[in-house]
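Accompanying notes for the structure given below.
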Amino acid sequence: MEPAPGPQEKYQLITRNLQEVLGEDKLMAILKERELKIYWGTATTGKPHVAYFVPMSKIADFLKAGCEVTILFADLHAYLDNMKAPWELLELRTRYYENVIKAMLESIGVPLEKLKFVRGTDYQLNKEYTLDVYRLSSVVTQHDAKKAGAEVVKQVEHPLLSGLLYPGLQALDEEYLKVDAQFGGVDQRKIFTFAEKYLPSLGYAKRVHLMNPMVPGLTGSKMSSSEEDSKIDLLDRKEDVKKKLKKAFCEPGNVENNGVLSFIKHVLFPLKSEFVVLREEKWGGSKTYTAYEALEKDFAEQESLFVAIQVVHPGDLKNSVEVALNKLLDPIREKFNSPELKQLSNAAYPNPAKSKPAEKGTKNSELENVVPSRLDIRVGKVISVEKHPDADTLYVEKIDVGESEPRTVVSGLVQFIPKEQLQDRLVVLLCNLKPQKMRGVESKGMVLCASSLGEPRQVEPLDPPAGCCAGERVYVEGYEGGEPDDELKPKKKVFEKLQADFRVSEDCVAQWKQKNFLTKLGTVSCRSLKGGTIS
């Protein structure tokens, strides 16, 4: 039997791989006296995805360090956050979260009997808690409440009062759960500092705060429930996992914003203390890494040594992660294969297309099939622009959409946009049209542009929000879920049917049936063509 870890060993386990700790001295002082009491909360909104293994692996660390761990299913928070979980679905989604989080913990070997599970509505509706919400609201400024929730609460043009309550409730949870510390992502930092500022004003103690880094998604941006291409769902089939990993951003030698490497660092290494890169014998055979830093170094060396020595190839890395990830997902898939949990999943997350009434004269099956989520629309960066060798009105562009190689795209924009204005520009690209030869050059996408209704015709490429990365998903508001078609079949005319309702609003925002085109950073727009069409 291994001896119990001492305070310093516990501290190392609790803080490893964290980005920041607020209250380190207090943490060490508690560990010298007794076991740490800590909680992690999750709002029961979108479906949990594989990035949730990051906090799960830290929870395993906390238990190894002897901590008393509480997991909070923050159902009331899910409703307060701009009603991400509608009231009528709140109970169903909370049950879904309870089942899937417990399945994740079991898949990585965490004993559930050592954990305490609590729902927010178990205590957040009682008299004492409600009075404390009123007490807190009498000392918190509107500015501080809004600032605290800026990274967590959904930001909209006309925010609801509920979003301002959210940070206060999360602060009070620390007192009512009787913990020493709260654990979360670094995106929670403003709420944590809010709690440190305001809890003492109610006579409550300041807590320790532990923060994980935000793990990049498969597109290189934050892994998000609302951005389908950025994440792998816990119930995705093996073929879906393979397809998403194949498309994942994993540029040779690039260790920044690399979701594949980050998943290895924050999930697979802490769980197994090693990672095996699977390779064919002709490329040196499989290699076992016992330190993440050595793996990252070998992957990064491709940049300096270029093609001569490819120590860890992106393809081998993705294949190895696929094998390891499926081992984690298999028991979760098996558990959710039961009729009861299948029914729960469908009820908690109903298909938005199926719940909408058919338009007059339209068959339900047709309406369900023609939804914006079938379009694979991404942010692209124009790497190069040249005139088509055989067509004066066409450009041939190389556009980076987060894949291993830029796509070749042919666009009829010569008459409307100077070459210099396209070079290095961020554009919006439809990526799943069937490739088509245009005057001898195969085009693998369409740059979406706004067009004026009058003469002379004006054309402007759609602009993603500033700060977007190549490969980020562009979706229509309300249709964040759903997998795009691998390739749109020309005979079905899916794009053409959807395009008929594409418009530019009076605020120059791209829309489908008055619902905005979005990325995780905001709306897609054009510069000046109000009321125009999009093609």
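Ordering of the structure tokens sets the chain letters (A, B, ...), residue numbers begin anew at 1 in every chain, and ligands are numbered from 1 in the order given.
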
Helix (DSSP H, G or I) residues, from DSSP on the backbone, in segment 251-357 of chain A, as a PyMOL selection string: chain A and resi 259-272+281-283+292-305+314-335+339-348

Tell me which protein, DNA and RNA residues are within 9 Å of Pro5 of chain A, counting only C-alpha atoms, leaving out same-chain ones fewer than 2 positions away, and put them as JSON, numbers by chain. {"A": [2, 3, 7, 8, 9, 10, 64, 65, 66]}

Taking C-alpha atoms for each residue, export the selection above as a compact mmCIF listing (two decimals), in the first residue's frame.
# COMPACT_ATOMS: atom_id res chain seq x y z
CA GLU A 2 1.40 3.38 -1.03
CA PRO A 3 1.95 5.93 1.77
CA PRO A 7 0.98 18.45 1.85
CA GLN A 8 3.56 19.30 -0.83
CA GLU A 9 2.71 16.22 -2.91
CA LYS A 10 -0.99 17.02 -2.58
CA LYS A 64 -5.71 11.26 -5.49
CA ALA A 65 -4.75 14.25 -3.31
CA GLY A 66 -7.43 13.27 -0.79

Tell me which protein, DNA and RNA residues are within 12 Å of Ile191 of chain A, counting only C-alpha atoms, leaving out same-chain ones fewer than 4 positions away, and put them as a ChimeraX atom specification. /A:144-153,164-174,182-187,195-199,209,211

Dump as a compact mmCIF listing (two decimals), in the first residue's frame, selection limited to N, CA, C and O atoms:
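Listed below is the output, part18.txt:
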# COMPACT_ATOMS: atom_id res chain seq x y z
N ASP A 144 -20.08 45.82 -12.31
CA ASP A 144 -19.30 44.66 -11.86
C ASP A 144 -19.97 43.35 -12.22
O ASP A 144 -19.31 42.36 -12.56
N ALA A 145 -21.32 43.32 -12.13
CA ALA A 145 -22.04 42.08 -12.47
C ALA A 145 -21.88 41.76 -13.95
O ALA A 145 -21.65 40.60 -14.34
N LYS A 146 -21.99 42.77 -14.80
CA LYS A 146 -21.85 42.56 -16.25
C LYS A 146 -20.43 42.15 -16.60
O LYS A 146 -20.20 41.24 -17.39
N LYS A 147 -19.44 42.82 -15.99
CA LYS A 147 -18.03 42.51 -16.25
C LYS A 147 -17.70 41.08 -15.81
O LYS A 147 -16.99 40.35 -16.51
N ALA A 148 -18.23 40.67 -14.66
CA ALA A 148 -17.93 39.33 -14.14
C ALA A 148 -18.39 38.23 -15.08
O ALA A 148 -17.73 37.21 -15.25
N GLY A 149 -19.55 38.44 -15.71
CA GLY A 149 -20.09 37.40 -16.59
C GLY A 149 -19.68 37.50 -18.04
O GLY A 149 -20.10 36.69 -18.87
N ALA A 150 -18.80 38.46 -18.36
CA ALA A 150 -18.50 38.75 -19.77
C ALA A 150 -17.94 37.56 -20.54
O ALA A 150 -18.20 37.41 -21.73
N GLU A 151 -17.16 36.69 -19.88
CA GLU A 151 -16.52 35.57 -20.57
C GLU A 151 -17.36 34.30 -20.53
O GLU A 151 -17.03 33.32 -21.19
N VAL A 152 -18.42 34.30 -19.73
CA VAL A 152 -19.18 33.07 -19.49
C VAL A 152 -20.62 33.19 -19.96
O VAL A 152 -21.13 32.32 -20.66
N VAL A 153 -21.28 34.28 -19.57
CA VAL A 153 -22.68 34.49 -19.94
C VAL A 153 -22.74 34.93 -21.40
O VAL A 153 -21.96 35.77 -21.86
N LEU A 164 -27.17 39.10 -15.37
CA LEU A 164 -26.48 39.86 -14.32
C LEU A 164 -26.55 39.13 -12.98
O LEU A 164 -25.68 39.32 -12.11
N LEU A 165 -27.56 38.31 -12.78
CA LEU A 165 -27.67 37.53 -11.54
C LEU A 165 -26.68 36.37 -11.50
O LEU A 165 -26.27 35.91 -10.43
N TYR A 166 -26.33 35.86 -12.68
CA TYR A 166 -25.52 34.64 -12.81
C TYR A 166 -24.24 34.66 -11.95
O TYR A 166 -24.01 33.73 -11.16
N PRO A 167 -23.37 35.71 -12.06
CA PRO A 167 -22.14 35.69 -11.27
C PRO A 167 -22.38 35.68 -9.77
O PRO A 167 -21.65 35.02 -9.02
N GLY A 168 -23.43 36.39 -9.31
CA GLY A 168 -23.73 36.41 -7.88
C GLY A 168 -24.12 35.05 -7.35
O GLY A 168 -23.70 34.64 -6.25
N LEU A 169 -24.93 34.33 -8.11
CA LEU A 169 -25.32 32.99 -7.69
C LEU A 169 -24.11 32.06 -7.62
O LEU A 169 -23.97 31.25 -6.70
N GLN A 170 -23.20 32.18 -8.61
CA GLN A 170 -22.02 31.32 -8.60
C GLN A 170 -21.13 31.63 -7.40
O GLN A 170 -20.52 30.73 -6.82
N ALA A 171 -21.05 32.91 -7.02
CA ALA A 171 -20.27 33.28 -5.84
C ALA A 171 -20.90 32.69 -4.57
O ALA A 171 -20.21 32.10 -3.73
N LEU A 172 -22.23 32.80 -4.44
CA LEU A 172 -22.91 32.27 -3.26
C LEU A 172 -22.80 30.75 -3.16
O LEU A 172 -22.83 30.19 -2.05
N ASP A 173 -22.68 30.07 -4.29
CA ASP A 173 -22.56 28.61 -4.28
C ASP A 173 -21.38 28.17 -3.41
O ASP A 173 -21.43 27.13 -2.75
N GLU A 174 -20.30 28.95 -3.42
CA GLU A 174 -19.11 28.59 -2.63
C GLU A 174 -19.46 28.49 -1.14
O GLU A 174 -18.97 27.60 -0.44
N GLN A 182 -13.03 26.63 -5.38
CA GLN A 182 -13.83 26.36 -6.57
C GLN A 182 -12.86 26.15 -7.74
O GLN A 182 -11.86 26.86 -7.87
N PHE A 183 -13.19 25.17 -8.58
CA PHE A 183 -12.37 24.83 -9.74
C PHE A 183 -13.16 25.10 -11.01
O PHE A 183 -14.36 24.83 -11.08
N GLY A 184 -12.50 25.67 -12.02
CA GLY A 184 -13.14 25.94 -13.31
C GLY A 184 -12.13 26.31 -14.35
O GLY A 184 -10.92 26.28 -14.10
N GLY A 185 -12.62 26.68 -15.53
CA GLY A 185 -11.73 27.13 -16.61
C GLY A 185 -11.29 28.56 -16.37
O GLY A 185 -11.92 29.31 -15.61
N VAL A 186 -10.22 28.96 -17.05
CA VAL A 186 -9.71 30.32 -16.87
C VAL A 186 -10.71 31.37 -17.38
O VAL A 186 -10.64 32.54 -17.02
N ASP A 187 -11.70 30.93 -18.20
CA ASP A 187 -12.74 31.86 -18.63
C ASP A 187 -13.65 32.27 -17.46
O ASP A 187 -14.43 33.22 -17.58
N ALA A 195 -16.30 36.96 -6.81
CA ALA A 195 -16.63 36.27 -5.56
C ALA A 195 -15.67 36.70 -4.45
O ALA A 195 -16.09 36.92 -3.30
N GLU A 196 -14.39 36.82 -4.77
CA GLU A 196 -13.41 37.23 -3.76
C GLU A 196 -13.68 38.64 -3.26
O GLU A 196 -13.45 38.96 -2.09
N LYS A 197 -14.21 39.49 -4.12
CA LYS A 197 -14.49 40.88 -3.75
C LYS A 197 -15.76 40.99 -2.91
O LYS A 197 -15.80 41.73 -1.91
N TYR A 198 -16.82 40.26 -3.29
CA TYR A 198 -18.14 40.52 -2.70
C TYR A 198 -18.56 39.57 -1.59
O TYR A 198 -19.37 39.94 -0.73
N LEU A 199 -18.06 38.31 -1.55
CA LEU A 199 -18.49 37.43 -0.46
C LEU A 199 -18.14 37.98 0.91
O LEU A 199 -18.96 37.90 1.85
N HIS A 209 -9.24 29.71 -5.65
CA HIS A 209 -9.77 29.47 -7.00
C HIS A 209 -8.70 28.83 -7.88
O HIS A 209 -7.58 29.34 -7.99
N MET A 211 -7.79 27.29 -11.72
CA MET A 211 -8.23 27.49 -13.10
C MET A 211 -7.46 26.64 -14.11
O MET A 211 -6.24 26.72 -14.18

Report the residues of segment 235-399 of chain A whose backbone DSSP state falls under strand (DSSP E), written as a PyMOL selection string. chain A and resi 275-277+287-289+377-388+391-399

Residues within 9 Å of segment 37-44 of chain A, please, as a CSV table (one decimal) with all heavy atoms, in the first residue's frame. Count only C-alpha atoms; anything in the same chain fewer than 2 positions from it doesn't count.
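In the end it all went to around.csv:
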chain,number,residue,atom,x,y,z
A,35,GLU,N,-7.9,17.9,4.8
A,35,GLU,CA,-8.2,17.7,3.4
A,35,GLU,C,-8.9,18.9,2.8
A,35,GLU,O,-9.8,19.5,3.5
A,35,GLU,CB,-9.0,16.4,3.1
A,35,GLU,CG,-8.4,15.1,3.7
A,35,GLU,CD,-7.0,14.8,3.2
A,35,GLU,OE1,-6.5,15.5,2.3
A,35,GLU,OE2,-6.5,13.8,3.6
A,46,GLY,N,-25.6,23.0,-23.4
A,46,GLY,CA,-25.3,22.2,-24.6
A,46,GLY,C,-24.8,20.8,-24.2
A,46,GLY,O,-24.3,20.6,-23.1
A,47,LYS,N,-24.8,19.9,-25.1
A,47,LYS,CA,-24.3,18.5,-24.8
A,47,LYS,C,-22.8,18.6,-24.5
A,47,LYS,O,-22.0,19.2,-25.2
A,47,LYS,CB,-24.5,17.6,-26.1
A,47,LYS,CG,-25.8,17.0,-26.2
A,47,LYS,CD,-25.8,16.0,-27.4
A,47,LYS,CE,-27.2,15.3,-27.5
A,47,LYS,NZ,-27.1,14.2,-28.5
A,48,PRO,N,-22.4,17.9,-23.4
A,48,PRO,CA,-21.0,17.8,-23.0
A,48,PRO,C,-20.3,17.1,-24.2
A,48,PRO,O,-20.8,16.2,-24.8
A,48,PRO,CB,-21.0,16.9,-21.8
A,48,PRO,CG,-22.4,17.1,-21.2
A,48,PRO,CD,-23.3,17.3,-22.3
A,55,PRO,N,-11.7,18.7,-17.2
A,55,PRO,CA,-12.0,18.8,-15.8
A,55,PRO,C,-12.1,17.4,-15.1
A,55,PRO,O,-11.8,17.3,-13.9
A,55,PRO,CB,-13.3,19.6,-15.7
A,55,PRO,CG,-13.9,19.5,-17.1
A,55,PRO,CD,-12.7,19.4,-18.0
A,59,ILE,N,-10.4,16.3,-11.7
A,59,ILE,CA,-11.2,15.7,-10.5
A,59,ILE,C,-10.5,14.4,-10.0
A,59,ILE,O,-10.4,14.2,-8.8
A,59,ILE,CB,-12.6,15.5,-10.9
A,59,ILE,CG1,-13.3,16.8,-11.0
A,59,ILE,CG2,-13.3,14.6,-9.9
A,59,ILE,CD1,-14.7,16.8,-11.7
A,62,PHE,N,-7.7,15.6,-7.9
A,62,PHE,CA,-8.1,16.0,-6.6
A,62,PHE,C,-8.4,14.8,-5.7
A,62,PHE,O,-8.0,14.9,-4.5
A,62,PHE,CB,-9.4,16.8,-6.8
A,62,PHE,CG,-9.3,18.1,-7.6
A,62,PHE,CD1,-10.4,18.6,-8.2
A,62,PHE,CD2,-8.1,18.8,-7.7
A,62,PHE,CE1,-10.3,19.8,-9.0
A,62,PHE,CE2,-7.9,19.9,-8.4
A,62,PHE,CZ,-9.0,20.4,-9.1
A,67,CYS,N,-8.8,15.1,-1.7
A,67,CYS,CA,-9.8,16.2,-1.6
A,67,CYS,C,-11.2,15.6,-1.4
A,67,CYS,O,-11.5,14.5,-1.9
A,67,CYS,CB,-9.8,17.1,-2.8
A,67,CYS,SG,-8.2,17.9,-3.0
A,68,GLU,N,-12.1,16.4,-0.8
A,68,GLU,CA,-13.5,16.1,-0.7
A,68,GLU,C,-14.1,16.9,-1.9
A,68,GLU,O,-14.1,18.1,-1.9
A,68,GLU,CB,-14.1,16.5,0.6
A,68,GLU,CG,-13.6,15.8,1.8
A,68,GLU,CD,-14.2,16.2,3.1
A,68,GLU,OE1,-15.3,16.8,3.1
A,68,GLU,OE2,-13.6,16.0,4.1
A,69,VAL,N,-14.6,16.2,-2.9
A,69,VAL,CA,-15.0,16.8,-4.2
A,69,VAL,C,-16.5,16.8,-4.3
A,69,VAL,O,-17.2,15.7,-4.2
A,69,VAL,CB,-14.4,16.2,-5.4
A,69,VAL,CG1,-14.8,16.9,-6.7
A,69,VAL,CG2,-12.8,16.2,-5.2
A,70,THR,N,-17.1,18.0,-4.6
A,70,THR,CA,-18.5,18.1,-5.0
A,70,THR,C,-18.7,18.5,-6.4
A,70,THR,O,-18.0,19.4,-6.9
A,70,THR,CB,-19.2,19.2,-4.1
A,70,THR,OG1,-19.1,18.7,-2.7
A,70,THR,CG2,-20.7,19.3,-4.5
A,71,ILE,N,-19.6,17.8,-7.1
A,71,ILE,CA,-19.9,18.2,-8.5
A,71,ILE,C,-21.3,18.8,-8.5
A,71,ILE,O,-22.3,18.2,-8.1
A,71,ILE,CB,-19.8,17.0,-9.5
A,71,ILE,CG1,-18.4,16.6,-9.6
A,71,ILE,CG2,-20.4,17.4,-10.8
A,71,ILE,CD1,-18.1,15.4,-10.5
A,72,LEU,N,-21.4,20.1,-9.0
A,72,LEU,CA,-22.7,20.8,-9.0
A,72,LEU,C,-23.2,20.8,-10.4
A,72,LEU,O,-22.6,21.3,-11.4
A,72,LEU,CB,-22.4,22.2,-8.6
A,72,LEU,CG,-23.6,23.2,-8.7
A,72,LEU,CD1,-24.8,22.8,-7.9
A,72,LEU,CD2,-23.2,24.6,-8.5
A,73,PHE,N,-24.4,20.3,-10.6
A,73,PHE,CA,-25.2,20.4,-11.9
A,73,PHE,C,-26.0,21.7,-11.8
A,73,PHE,O,-27.0,21.7,-11.1
A,73,PHE,CB,-26.0,19.2,-12.1
A,73,PHE,CG,-25.2,17.9,-12.2
A,73,PHE,CD1,-25.3,17.0,-11.3
A,73,PHE,CD2,-24.5,17.7,-13.4
A,73,PHE,CE1,-24.5,15.8,-11.4
A,73,PHE,CE2,-23.7,16.5,-13.5
A,73,PHE,CZ,-23.7,15.6,-12.5
A,74,ALA,N,-25.4,22.8,-12.4
A,74,ALA,CA,-26.0,24.1,-12.2
A,74,ALA,C,-27.2,24.3,-13.1
A,74,ALA,O,-27.1,25.1,-14.1
A,74,ALA,CB,-24.9,25.2,-12.4
A,75,ASP,N,-28.3,23.7,-12.8
A,75,ASP,CA,-29.5,23.8,-13.7
A,75,ASP,C,-30.1,25.2,-13.7
A,75,ASP,O,-30.5,25.7,-14.8
A,75,ASP,CB,-30.5,22.8,-13.2
A,75,ASP,CG,-30.8,22.7,-11.7
A,75,ASP,OD1,-30.2,23.5,-11.0
A,75,ASP,OD2,-31.7,22.0,-11.3
A,76,LEU,N,-30.2,25.9,-12.6
A,76,LEU,CA,-30.7,27.2,-12.6
A,76,LEU,C,-29.8,28.2,-13.4
A,76,LEU,O,-30.3,29.1,-14.1
A,76,LEU,CB,-30.9,27.7,-11.2
A,76,LEU,CG,-31.9,28.9,-11.0
A,76,LEU,CD1,-33.2,28.6,-11.5
A,76,LEU,CD2,-32.0,29.2,-9.5
A,77,HIS,N,-28.5,28.0,-13.3
A,77,HIS,CA,-27.6,28.8,-14.1
A,77,HIS,C,-27.8,28.7,-15.6
A,77,HIS,O,-27.7,29.6,-16.4
A,77,HIS,CB,-26.1,28.5,-13.8
A,77,HIS,CG,-25.7,29.0,-12.5
A,77,HIS,ND1,-26.0,28.4,-11.3
A,77,HIS,CD2,-24.8,30.0,-12.1
A,77,HIS,CE1,-25.4,29.1,-10.3
A,77,HIS,NE2,-24.7,30.1,-10.8
A,78,ALA,N,-28.1,27.4,-16.0
A,78,ALA,CA,-28.3,27.1,-17.4
A,78,ALA,C,-29.5,28.0,-18.0
A,78,ALA,O,-29.5,28.4,-19.1
A,78,ALA,CB,-28.6,25.6,-17.6
A,79,TYR,N,-30.5,28.1,-17.1
A,79,TYR,CA,-31.7,28.9,-17.6
A,79,TYR,C,-31.4,30.4,-17.5
A,79,TYR,O,-31.7,31.2,-18.4
A,79,TYR,CB,-32.9,28.6,-16.7
A,79,TYR,CG,-34.1,29.4,-17.0
A,79,TYR,CD1,-34.8,29.1,-18.2
A,79,TYR,CD2,-34.6,30.5,-16.3
A,79,TYR,CE1,-36.0,29.8,-18.6
A,79,TYR,CE2,-35.7,31.2,-16.6
A,79,TYR,CZ,-36.4,30.9,-17.8
A,79,TYR,OH,-37.5,31.6,-18.2
A,81,ASP,N,-28.6,31.9,-18.0
A,81,ASP,CA,-27.6,32.3,-19.1
A,81,ASP,C,-28.4,32.4,-20.4
A,81,ASP,O,-28.3,31.6,-21.3
A,81,ASP,CB,-26.5,31.3,-19.2
A,81,ASP,CG,-25.4,31.8,-20.2
A,81,ASP,OD1,-25.5,32.9,-20.8
A,81,ASP,OD2,-24.4,31.0,-20.4
A,84,LYS,N,-30.2,29.4,-22.3
A,84,LYS,CA,-29.6,28.4,-23.1
A,84,LYS,C,-30.3,27.0,-22.9
A,84,LYS,O,-30.3,26.2,-23.8
A,84,LYS,CB,-28.1,28.3,-22.7
A,84,LYS,CG,-27.2,29.4,-23.3
A,84,LYS,CD,-25.7,29.1,-22.9
A,84,LYS,CE,-24.8,30.2,-23.5
A,84,LYS,NZ,-23.4,30.0,-23.1
A,85,ALA,N,-30.8,26.8,-21.7
A,85,ALA,CA,-31.6,25.6,-21.5
A,85,ALA,C,-33.0,26.1,-21.2
A,85,ALA,O,-33.3,26.7,-20.2
A,85,ALA,CB,-31.1,24.8,-20.3
A,90,LEU,N,-35.3,21.9,-18.8
A,90,LEU,CA,-34.3,22.0,-17.7
A,90,LEU,C,-34.1,20.6,-17.0
A,90,LEU,O,-32.9,20.2,-16.8
A,90,LEU,CB,-34.7,23.1,-16.7
A,90,LEU,CG,-33.5,23.8,-16.0
A,90,LEU,CD1,-32.5,24.4,-16.9
A,90,LEU,CD2,-34.1,24.9,-15.1
A,93,ARG,N,-32.4,18.0,-19.3
A,93,ARG,CA,-31.0,18.2,-19.6
A,93,ARG,C,-30.1,18.0,-18.3
A,93,ARG,O,-29.0,17.5,-18.4
A,93,ARG,CB,-30.8,19.7,-20.1
A,93,ARG,CG,-31.3,19.8,-21.5
A,93,ARG,CD,-30.8,21.0,-22.2
A,93,ARG,NE,-31.3,21.0,-23.6
A,93,ARG,CZ,-31.2,22.0,-24.4
A,93,ARG,NH1,-30.5,23.1,-24.1
A,93,ARG,NH2,-31.7,21.9,-25.6
A,94,THR,N,-30.7,18.3,-17.2
A,94,THR,CA,-29.9,18.0,-15.9
A,94,THR,C,-29.8,16.5,-15.7
A,94,THR,O,-28.7,16.0,-15.4
A,94,THR,CB,-30.7,18.6,-14.7
A,94,THR,OG1,-30.8,20.0,-15.0
A,94,THR,CG2,-29.9,18.4,-13.4
A,96,TYR,N,-29.7,14.3,-18.2
A,96,TYR,CA,-28.7,13.9,-19.2
A,96,TYR,C,-27.3,14.2,-18.7
A,96,TYR,O,-26.4,13.3,-18.8
A,96,TYR,CB,-29.0,14.7,-20.5
A,96,TYR,CG,-28.0,14.3,-21.6
A,96,TYR,CD1,-28.3,13.3,-22.5
A,96,TYR,CD2,-26.8,15.0,-21.8
A,96,TYR,CE1,-27.4,12.9,-23.5
A,96,TYR,CE2,-25.9,14.7,-22.8
A,96,TYR,CZ,-26.2,13.6,-23.6
A,96,TYR,OH,-25.3,13.3,-24.6
A,97,TYR,N,-27.1,15.4,-18.1
A,97,TYR,CA,-25.7,15.7,-17.6
A,97,TYR,C,-25.3,14.8,-16.5
A,97,TYR,O,-24.2,14.3,-16.5
A,97,TYR,CB,-25.7,17.2,-17.1
A,97,TYR,CG,-25.2,18.2,-18.1
A,97,TYR,CD1,-25.9,18.5,-19.2
A,97,TYR,CD2,-24.0,18.8,-17.9
A,97,TYR,CE1,-25.4,19.4,-20.2
A,97,TYR,CE2,-23.5,19.7,-18.8
A,97,TYR,CZ,-24.2,20.0,-19.9
A,97,TYR,OH,-23.7,20.9,-20.9
A,170,GLN,N,-23.2,32.2,-8.6
A,170,GLN,CA,-22.0,31.3,-8.6
A,170,GLN,C,-21.1,31.6,-7.4
A,170,GLN,O,-20.5,30.7,-6.8
A,170,GLN,CB,-21.2,31.5,-9.9
A,170,GLN,CG,-20.1,30.5,-10.0
A,170,GLN,CD,-19.5,30.4,-11.4
A,170,GLN,OE1,-20.2,30.7,-12.4
A,170,GLN,NE2,-18.3,30.0,-11.5
A,174,GLU,N,-20.3,29.0,-3.4
A,174,GLU,CA,-19.1,28.6,-2.6
A,174,GLU,C,-19.5,28.5,-1.1
A,174,GLU,O,-19.0,27.6,-0.4
A,174,GLU,CB,-18.0,29.6,-2.8
A,174,GLU,CG,-17.5,29.7,-4.3
A,174,GLU,CD,-16.4,30.7,-4.5
A,174,GLU,OE1,-16.2,31.6,-3.6
A,174,GLU,OE2,-15.8,30.7,-5.5
A,177,LEU,N,-22.2,25.5,-0.5
A,177,LEU,CA,-21.7,24.1,-0.7
A,177,LEU,C,-20.6,23.8,0.3
A,177,LEU,O,-20.1,22.7,0.4
A,177,LEU,CB,-21.1,24.0,-2.1
A,177,LEU,CG,-22.2,24.0,-3.3
A,177,LEU,CD1,-21.5,24.0,-4.6
A,177,LEU,CD2,-23.1,22.8,-3.1
A,178,LYS,N,-20.3,24.9,1.2
A,178,LYS,CA,-19.4,24.7,2.3
A,178,LYS,C,-18.0,24.2,1.8
A,178,LYS,O,-17.5,23.2,2.4
A,178,LYS,CB,-20.0,23.8,3.4
A,178,LYS,CG,-21.3,24.3,3.9
A,178,LYS,CD,-21.2,25.7,4.5
A,178,LYS,CE,-22.5,26.2,5.0
A,178,LYS,NZ,-22.5,27.6,5.5
A,179,VAL,N,-17.4,24.8,0.8
A,179,VAL,CA,-16.2,24.4,0.3
A,179,VAL,C,-15.1,25.4,0.6
A,179,VAL,O,-15.3,26.6,0.9
A,179,VAL,CB,-16.3,24.2,-1.3
A,179,VAL,CG1,-17.2,23.0,-1.6
A,179,VAL,CG2,-16.7,25.5,-2.0
A,180,ASP,N,-13.8,25.0,0.4
A,180,ASP,CA,-12.7,25.9,0.5
A,180,ASP,C,-12.2,26.5,-0.8
A,180,ASP,O,-11.6,27.5,-0.8
A,180,ASP,CB,-11.4,25.1,1.1
A,180,ASP,CG,-11.7,24.3,2.3
A,180,ASP,OD1,-12.2,25.0,3.3
A,180,ASP,OD2,-11.5,23.1,2.4
A,181,ALA,N,-12.6,25.8,-1.9
A,181,ALA,CA,-12.1,26.2,-3.2
A,181,ALA,C,-13.1,25.8,-4.3
A,181,ALA,O,-13.9,24.9,-4.2
A,181,ALA,CB,-10.8,25.4,-3.5
A,182,GLN,N,-13.0,26.6,-5.4
A,182,GLN,CA,-13.8,26.4,-6.6
A,182,GLN,C,-12.9,26.1,-7.7
A,182,GLN,O,-11.9,26.9,-7.9
A,182,GLN,CB,-14.8,27.5,-6.9
A,182,GLN,CG,-15.7,27.2,-8.1
A,182,GLN,CD,-16.7,28.3,-8.5
A,182,GLN,OE1,-17.3,28.2,-9.5
A,182,GLN,NE2,-16.7,29.4,-7.6
A,183,PHE,N,-13.2,25.2,-8.6
A,183,PHE,CA,-12.4,24.8,-9.7
A,183,PHE,C,-13.2,25.1,-11.0
A,183,PHE,O,-14.4,24.8,-11.1
A,183,PHE,CB,-12.0,23.3,-9.7
A,183,PHE,CG,-11.5,22.7,-10.9
A,183,PHE,CD1,-10.3,23.2,-11.5
A,183,PHE,CD2,-12.1,21.7,-11.5
A,183,PHE,CE1,-9.9,22.7,-12.7
A,183,PHE,CE2,-11.7,21.1,-12.7
A,183,PHE,CZ,-10.5,21.6,-13.3
A,184,GLY,N,-12.5,25.7,-12.0
A,184,GLY,CA,-13.1,25.9,-13.3
A,184,GLY,C,-12.1,26.3,-14.3
A,184,GLY,O,-10.9,26.3,-14.1
A,208,VAL,N,-10.4,29.8,-2.3
A,208,VAL,CA,-9.3,29.6,-3.2
A,208,VAL,C,-9.9,29.3,-4.6
A,208,VAL,O,-11.0,28.7,-4.6
A,208,VAL,CB,-8.4,28.3,-2.8
A,208,VAL,CG1,-7.4,28.0,-3.8
A,208,VAL,CG2,-7.8,28.6,-1.4

Just want the 7 Å neighbourhood of segment 515-530 of chain A, counted on only C-alpha atoms, with same-chain residues fewer than 4 positions away dropped. Output as a ChimeraX atom specification. /A:450-452,460-465,473-477,504-511

Go through A:Pro350, A:Gly253, A:Gly6, A:Pro372 and flag the residue nearest Lys297 of chain A, using only C-alpha atoms for the distances.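 The shortest atom-to-atom distance to Lys297 of chain A comes from A:Gly253.
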
Please determine, counting only C-alpha atoms, which residue among A:Glu251, A:Glu239, A:Glu334, A:Glu175 has the shortest atom-to-atom distance to Ala103 of chain A.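 Using only C-alpha atoms, the shortest distance to Ala103 of chain A belongs to A:Glu334.
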
Select from segment 4-111 of chain A every residue with an atom at most 10 Å from any atom of segment 268-275 of chain A, then for each give the shortest pair of atoms and their distance in Å to one decimal, using only C-alpha atoms, rows by chain and rising number, as a Markdown table.
| residue | atom | partner | partner_atom | distance |
| --- | --- | --- | --- | --- |
| A:Arg16 | CA | A:Pro270 | CA | 9.2 |
| A:Asn17 | CA | A:Pro270 | CA | 8.9 |
| A:Phe53 | CA | A:Leu268 | CA | 9.0 |
| A:Val54 | CA | A:Leu268 | CA | 9.1 |
| A:Met56 | CA | A:Leu271 | CA | 9.8 |
| A:Ser57 | CA | A:Leu271 | CA | 6.5 |
| A:Lys58 | CA | A:Pro270 | CA | 8.2 |
| A:Ala60 | CA | A:Leu271 | CA | 8.3 |
| A:Asp61 | CA | A:Pro270 | CA | 8.3 |
| A:Ile108 | CA | A:Leu271 | CA | 7.2 |
| A:Gly109 | CA | A:Leu271 | CA | 9.0 |
